[in-house]
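A short worksheet on the structure shown next.
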Protein chains: 2
Amino acid sequence: MGPKERREREREEIRTRILDAARELFASEGVESVTMRRIADRIEYSPTAIYFHFKDKDALLAELCDCDFRAFAENFAAIARIADPVERLRQAGRVYVDFGLMHPSHYRLMFMTPKTAQSQTIEKGNPSEDAYAFLKGIIADLRGRGLLREEYDNVDLTAQVIWSAIHGVVALDIAKCHDQWVEWRPVAERTEAMIDFIERAVLR
Amino acid sequence: MGPKERREREREEIRTRILDAARELFASEGVESVTMRRIADRIEYSPTAIYFHFKDKDALLAELCDCDFRAFAENFAAIARIADPVERLRQAGRVYVDFGLMHPSHYRLMFMTPKTAQSQTIEKGNPSEDAYAFLKGIIADLRGRGLLREEYDNVDLTAQVIWSAIHGVVALDIAKCHDQWVEWRPVAERTEAMIDFIERAVLR
DNA sequence: AACCTAACTTAACGTCGTTAAGTATCGGAG
DNA sequence: CTCCGATACTTAACGACGTTAAGTTAGGTT
């Protein structure tokens, strides 16, 4: 079964070539520059060739998004070894915001855009692939050591509130940082303030 | 100068007819259904007629957005009379989230989309037209009564952190409520939790 | 009565996502 | 060795989009 495997491998290769081209366009020129035709240009194929490998544009973007979710979760691996859960939470907040500010296009697609039904390639609940699970782990740890206020007995609810708070910093910055309406404090200052804010809210 | 005034009035009328048609499409079918051609259909004009009244589609959307910012700020008028600043803050959070959840399309355009350089028709700093100013007023009041922790001595920074926190609840819900990845707590529960969260963080 | 201009319309351009139909390549069966 | 069918593409086209150019009509001014 030599040729069959080769075909399979080649098919996988061109898939990743398409994804890579899309990712480059996406990162450098924003999501609105990612068109089937421009992706096709980059890999020197006709636009319709892409449809042989992806159902449609949404499916392609969803797969891009999936890769990014994994890359995002991997950012937290470095801080997983921090023993003190309070410090781990603080660093997690910084890592989260940094990712969003360094990759605003990706962040928008991942967390600020409705559609994109996620695929199955990420192992749910595994903290090294699933950042939400990582956050829940921190909260469970804090709770286990009796550091949380007693009101925060629901891990999911607590995780969702903390996530919302830190997401708000990133999302508002991405969407509104060029808005002269508000006299914005520097985003780094807002981030640190939010991290303190979260700590004051949940710790005893 | 009778006819001249009439012309002016008619011009204003058709402008608002266009805006109304756009708003209806927008609210009922989402922003992606707002096309120049469909707006034109609704008012029984040709698509190009709109360009006589608005520079382009972005300008039209920006103007829509402006109306919505004013309507948004007016929602807070009812709670402006609440004497207790703590309770006023709590109610403001609820009003904010309710607006976002009841008008997700508008909320997305107003607070989750980068572009839309705001126009000049809103009086900045006037709490009855500018919701950010309204929030700052609450914080200044809290501070004036010595209810805030001493760390929150910067009104702008404090307002921006609180806004981010509550925006995060709305924004995540709009973008991710249909995501099965996370076992979401009901948005009402998250909202109340965030309001408590904010209070615990900033009050003495 | 002639004219000018504001307020439109029709036609068109170039873009987009996507589908239909055609073509070449190539592994495997007779 | 030849033929076949599937695989992997291409070209052509459709309908929708934002927008511009050119043409038309109606009403106030001179």
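Just remember, in the structure tokens the first chain shown is A, the second B, etc., residues are 1-based per chain, and ligands are 1-based in the order shown.
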
* Within 9 Å of chain A, which residues of chain B are there when counting only C-alpha atoms? Please give them as a ChimeraX atom specification. => /B:111-118,124,132,156-158,160-172,174-185,189-191,193-194,196-202

So which residues touch C:DC3 within 12 Å, counting only C-alpha atoms (C1' of nucleotides), skipping near sequence neighbours fewer than 3 positions away, as a PDB file with N, CA and C atoms (P, O5', C5', C4', C3', O3' and C1' of nucleotides), in the first residue's frame?
ATOM      1  P    DG D  27     -41.923  68.941  -9.863  1.00  0.00           P
ATOM      2  O5'  DG D  27     -41.118  70.137  -9.194  1.00  0.00           O
ATOM      3  C5'  DG D  27     -39.993  69.833  -8.348  1.00  0.00           C
ATOM      4  C4'  DG D  27     -39.239  71.102  -8.008  1.00  0.00           C
ATOM      5  C3'  DG D  27     -40.084  72.355  -7.961  1.00  0.00           C
ATOM      6  O3'  DG D  27     -39.623  73.188  -6.909  1.00  0.00           O
ATOM      7  C1'  DG D  27     -38.465  72.578  -9.659  1.00  0.00           C
ATOM      8  P    DG D  28     -40.428  74.478  -6.520  1.00  0.00           P
ATOM      9  O5'  DG D  28     -39.274  75.575  -6.548  1.00  0.00           O
ATOM     10  C5'  DG D  28     -38.136  75.423  -5.686  1.00  0.00           C
ATOM     11  C4'  DG D  28     -37.022  76.326  -6.155  1.00  0.00           C
ATOM     12  C3'  DG D  28     -37.352  77.810  -6.150  1.00  0.00           C
ATOM     13  O3'  DG D  28     -36.273  78.523  -5.547  1.00  0.00           O
ATOM     14  C1'  DG D  28     -36.688  77.124  -8.325  1.00  0.00           C
ATOM     15  P    DT D  29     -36.242  80.083  -5.554  1.00  0.00           P
ATOM     16  O5'  DT D  29     -35.377  80.445  -6.826  1.00  0.00           O
ATOM     17  C5'  DT D  29     -34.031  79.909  -6.921  1.00  0.00           C
ATOM     18  C4'  DT D  29     -33.294  80.575  -8.085  1.00  0.00           C
ATOM     19  C3'  DT D  29     -33.424  82.099  -8.158  1.00  0.00           C
ATOM     20  O3'  DT D  29     -32.142  82.636  -8.491  1.00  0.00           O
ATOM     21  C1'  DT D  29     -34.150  81.158 -10.202  1.00  0.00           C
ATOM     22  P    DT D  30     -31.955  84.238  -8.580  1.00  0.00           P
ATOM     23  O5'  DT D  30     -31.996  84.512 -10.137  1.00  0.00           O
ATOM     24  C5'  DT D  30     -30.991  83.936 -10.986  1.00  0.00           C
ATOM     25  C4'  DT D  30     -31.255  84.331 -12.428  1.00  0.00           C
ATOM     26  C3'  DT D  30     -31.437  85.837 -12.650  1.00  0.00           C
ATOM     27  O3'  DT D  30     -30.682  86.242 -13.782  1.00  0.00           O
ATOM     28  C1'  DT D  30     -33.258  84.657 -13.588  1.00  0.00           C
TER      29       DT D  30
END

Report as CSV: every residue of chain A with an atom at most 10 Å from chain C, its closest pair of atoms, and their distance in Å to one decimal, counting only C-alpha atoms (C1' of nucleotides), with rows sorted by chain and ascending residue number.
residue,atom,partner,partner_atom,distance
A:Pro3,CA,C:DG27,C1',7.8
A:Lys4,CA,C:DG27,C1',8.7
A:Thr35,CA,C:DC16,C1',7.8
A:Met36,CA,C:DG17,C1',7.7
A:Arg37,CA,C:DC16,C1',8.8
A:Pro47,CA,C:DG17,C1',10.0
A:Thr48,CA,C:DT18,C1',8.3
A:Tyr51,CA,C:DT18,C1',9.0
A:Asp56,CA,C:DT18,C1',8.3
A:Lys57,CA,C:DG17,C1',7.9

For the selection just defined, write its residues with N, CA and C atoms to a file, as a PDB file, in the first residue's frame.
ATOM      1  N   PRO A   3       1.518   3.642  -2.667  1.00  0.00           N
ATOM      2  CA  PRO A   3       0.958   4.841  -3.320  1.00  0.00           C
ATOM      3  C   PRO A   3      -0.189   5.450  -2.530  1.00  0.00           C
ATOM      4  N   LYS A   4      -0.968   4.611  -1.932  1.00  0.00           N
ATOM      5  CA  LYS A   4      -2.125   5.115  -1.192  1.00  0.00           C
ATOM      6  C   LYS A   4      -1.675   6.026  -0.036  1.00  0.00           C
ATOM      7  N   THR A  35      -9.286  36.045   1.521  1.00  0.00           N
ATOM      8  CA  THR A  35     -10.302  35.645   0.555  1.00  0.00           C
ATOM      9  C   THR A  35      -9.821  34.376  -0.120  1.00  0.00           C
ATOM     10  N   MET A  36     -10.776  33.600  -0.586  1.00  0.00           N
ATOM     11  CA  MET A  36     -10.428  32.347  -1.261  1.00  0.00           C
ATOM     12  C   MET A  36      -9.477  32.622  -2.420  1.00  0.00           C
ATOM     13  N   ARG A  37      -9.743  33.707  -3.111  1.00  0.00           N
ATOM     14  CA  ARG A  37      -8.922  34.014  -4.285  1.00  0.00           C
ATOM     15  C   ARG A  37      -7.485  34.375  -3.894  1.00  0.00           C
ATOM     16  N   PRO A  47      -8.860  29.335  -7.343  1.00  0.00           N
ATOM     17  CA  PRO A  47      -9.647  29.509  -6.116  1.00  0.00           C
ATOM     18  C   PRO A  47     -10.494  28.280  -5.779  1.00  0.00           C
ATOM     19  N   THR A  48     -11.014  27.636  -6.780  1.00  0.00           N
ATOM     20  CA  THR A  48     -11.934  26.529  -6.525  1.00  0.00           C
ATOM     21  C   THR A  48     -11.228  25.280  -6.017  1.00  0.00           C
ATOM     22  N   TYR A  51     -11.775  24.237  -2.402  1.00  0.00           N
ATOM     23  CA  TYR A  51     -13.021  23.566  -1.998  1.00  0.00           C
ATOM     24  C   TYR A  51     -12.889  22.050  -2.014  1.00  0.00           C
ATOM     25  N   ASP A  56     -16.004  24.925   2.975  1.00  0.00           N
ATOM     26  CA  ASP A  56     -16.195  26.313   2.559  1.00  0.00           C
ATOM     27  C   ASP A  56     -15.273  27.210   3.386  1.00  0.00           C
ATOM     28  N   LYS A  57     -15.420  28.503   3.212  1.00  0.00           N
ATOM     29  CA  LYS A  57     -14.514  29.428   3.881  1.00  0.00           C
ATOM     30  C   LYS A  57     -14.640  29.343   5.403  1.00  0.00           C
TER      31      LYS A  57
END

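One finds atom CA of A:His103 at 18.1 Å from atom CA of A:Gln91.
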
* Asked: For chain D against chain B, which residues fall within 9 Å using only C-alpha atoms (C1' of nucleotides), given as a PyMOL selection string?
  -> chain D and resi 17-19+28

* Near A:His53, counting only C-alpha atoms (C1' of nucleotides), which residues have an atom at most 12 Å away, once you skip same-chain residues fewer than 3 positions from it, shown as number ranges by chain? -> A: 10-19, 47-50, 56-57, 59-60, 63; D: 7-9

* In Å, with one decimal, what is the gap from atom CA of A:Phe69 to atom CA of A:Gly30? ->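 Answer for the atom CA of A:Phe69 to atom CA of A:Gly30 separation: 17.6 Å.
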
Do you know which residues are at most 10 Å from A:Gly146 counting only C-alpha atoms (C1' of nucleotides), after dropping those on the same chain fewer than 5 positions away, and could you put them as a short mmCIF file (atom, residue, chain, number, x, y, z; two decimals) with C-alpha atoms, in the first residue's frame?
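For reference, part-v9.cif as written:
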data_model
loop_
_atom_site.label_atom_id
_atom_site.label_comp_id
_atom_site.auth_asym_id
_atom_site.auth_seq_id
_atom_site.Cartn_x
_atom_site.Cartn_y
_atom_site.Cartn_z
CA ALA A 140 -9.80 24.55 42.29
CA ASP A 141 -6.32 24.84 43.74
CA LEU A 203 -9.41 36.13 47.83
CA ARG A 204 -10.24 36.11 51.49
#
